[in-house]
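Since the structure comes first, as structure tokens, the remarks are kept for the end.
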Amino acid sequence: MINFEEELKRFSPIPEVSQAEEAIYSNDLRDISDIVTQITNEIKQANTNVPTAVVGVRR
Amino acid sequence: MATKRPVLCPNCGAQVKLNGYCSACNMPLDVIDKAYNTSDHYYNIGYDKATARDLSGAIESLNTSLRYNKKNVMTRNLLGLIYYEMGEVVMALSHWVMSVNYQQKDNIATMYLKELKADPTRLDNVDQIARKFNMALSYAHSEDYDLGALQLKSILKDNPHFVKGYLLLALLHIQMNHYENARKTLRRVLKIDKANPMAIHYLREMGDSDENIIQMRMESVENDGLFDEEYMEEISVSVDGETEIEGGSSIFREFAAKRKPIIKNEYGDMNMAKYSGLYVLLGFVLGVLVLSFIILPHQKKKNNRENAEIIKSYSEELAVKNSEIQTLNSKIQDLNEAIAMAESEDQGANPLPDYSHIEHGMSVDDIQEMIDNE
């Protein structure tokens, strides 16, 4: 049997023309290249955060 | 010796290093190529579904295509077209704008956007649809199913491809136990989007078999009576232009009472029944104007003409009578003159004796003596 409340939740308000800009920004999804860029940036950042070993000077 | 052309990164356009990574964004070229190929593959699937009028399926495939390559202009353009066909113009606009943003030259989305911008009434209409749909949705949430259905019907009459509107209307009909109307509504959805999962889900829940659903797609929706205004028939308009309800249920009264402020204050929904009072008034004013400017002047002119004719005939008659009077007067004068002349002639010939000395009681002898003396 159809649960009206549950079904109604599937419907979302439609944006007006004045809200088109928001719709454009919300449509700007992440694709594979974004994910790969993010991963490479994270790896880079992780590498730069690793403390470098202090090399002692032998007298 | 021919020089090797540098390979450019499809993501940022920078040169790809010999190890296969982009020199700017450090992206592995083989991964990007694979992603872009997969995106094109899903675009093709989406295109096939769209040509078979499985719009929901096409949207799903095209969205998957965008997850692999959001800069796929063909996918964006087709997705925009499908949203436009389904009556969601703002979604269509957003995809076309993104498409033009990624590729300005040789992009059909530029033409789509130009055409839309050139038609401000279409954009106004889009706004109206969005507002009314959102209003209907809020009515549905507040359990005003009648009002919600009415709003949706007014949208769908002018925008018969608005799938989301049909689906919400069908849900409201189901909630109000108007299953036949829900079926009619869902049949219209299946005409636009053959495999709409929500429509099929609702039909199955109402007990329709798969064969029935397939059959529904074949049936005509031209005269299914979905937009027959069963509510409007019961609303009449009083002399002062206010809507009145004759009979009807309490739900119906509530509906009519609620209907008025929505139309007045919200978004100017045109309802012919509400304005019929105004039309009566306008008709009356028009009638008065026609009477005063066309009928009355004509009548006045006709009356004046008739009066002038009567005056003319009377004055002629008067002139005749005056001339008769004059002749009679002249006759009277002549006769008077003749009388006077006859009298004067009579006085000259035999003057009458003076009997002024005769008194009452005198004897004949006395009278004779008096005459003799004279």
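By convention in this document, the chains of the structure tokens carry letters A, B, ... by their order, each chain's residues are numbered from 1, and ligands are numbered from 1 in the order they are shown.
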
Just the residues within 10 Å of Ser12 of chain A, please, counting only C-alpha atoms, with nothing from its chain fewer than 6 positions along; format it as a list in words.
->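 Within the cut-off, the hits are Phe133, Asn134, Leu137 and Lys164 of chain B.
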
With N, CA and C atoms retained, write the just-selected residues as a short mmCIF file (atom, residue, chain, number, x, y, z; two decimals), in the first residue's frame.
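Result file follows (selection_2.cif):
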```cif
data_model
loop_
_atom_site.label_atom_id
_atom_site.label_comp_id
_atom_site.auth_asym_id
_atom_site.auth_seq_id
_atom_site.Cartn_x
_atom_site.Cartn_y
_atom_site.Cartn_z
N PHE B 133 3.33 24.86 -8.31
CA PHE B 133 3.70 23.52 -7.88
C PHE B 133 4.13 23.52 -6.42
N ASN B 134 4.95 24.50 -6.06
CA ASN B 134 5.41 24.57 -4.67
C ASN B 134 4.24 24.80 -3.72
N LEU B 137 2.40 21.60 -3.36
CA LEU B 137 3.17 20.70 -2.49
C LEU B 137 2.93 21.05 -1.02
N LYS B 164 6.34 15.98 -13.18
CA LYS B 164 6.34 16.04 -11.72
C LYS B 164 4.96 16.45 -11.19
#
```

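Residues of chain B having any atom within 6 Å of chain A, counting only C-alpha atoms, are B:Arg67, B:Tyr68, B:Asn69, B:Lys70, B:Val90, B:Ser94, B:Asp127, B:Ala130, B:Asn134, B:Glu205.
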
Of the listed residues B:Ala109, B:Tyr102, B:Ser138, B:Thr64, that which approaches Leu78 of chain B most closely, counting only C-alpha atoms |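 Closest to Leu78 of chain B, using only C-alpha atoms: B:Ala109.
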
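The space between atom CA of Tyr43 of chain B and atom CA of Ser61 of chain B spans 6.7 Å.
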
Could you state the separation of atom CA of Asn49 of chain A and atom CA of Pro28 of chain B in Å, given to one decimal place?
->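 Going from atom CA of Asn49 of chain A over to atom CA of Pro28 of chain B covers 23.4 Å.
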
Using only C-alpha atoms, pick whichever of B:Gly20, B:Gly87, B:Gly148, B:Pro120 has the shortest atom-to-atom distance to Asp193 of chain B.
->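 Smallest distance to Asp193 of chain B is found for B:Gly87.
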
Residue nearest Ile155 of chain B among B:Ile325, B:Leu278, B:Ala199, B:Leu168 (counting only C-alpha atoms) |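 Checking each candidate against Ile155 of chain B, we get B:Leu168 as the closest.
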
If you measure from atom CA of Lys114 of chain B to atom CA of Gly165 of chain B, what distance in Å do you get, rounded to one decimal?
->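 Computed distance, atom CA of Lys114 of chain B to atom CA of Gly165 of chain B, equals 26.5 Å.
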
Would you return as JSON, numbers by chain the members of segment 7-129 of chain B that DSSP assigns to alpha helix (DSSP H) on this structure's backbone?
-> {"B": [29, 30, 31, 32, 33, 34, 35, 36, 37, 38, 39, 40, 41, 42, 43, 44, 45, 46, 47, 48, 49, 50, 51, 55, 56, 57, 58, 59, 60, 61, 62, 63, 64, 65, 66, 67, 68, 73, 74, 75, 76, 77, 78, 79, 80, 81, 82, 83, 84, 85, 89, 90, 91, 92, 93, 94, 95, 96, 97, 98, 99, 100, 101, 102, 108, 109, 110, 111, 112, 113, 114, 115, 116, 117, 120, 121, 122, 123, 124, 125, 126, 127, 128, 129]}
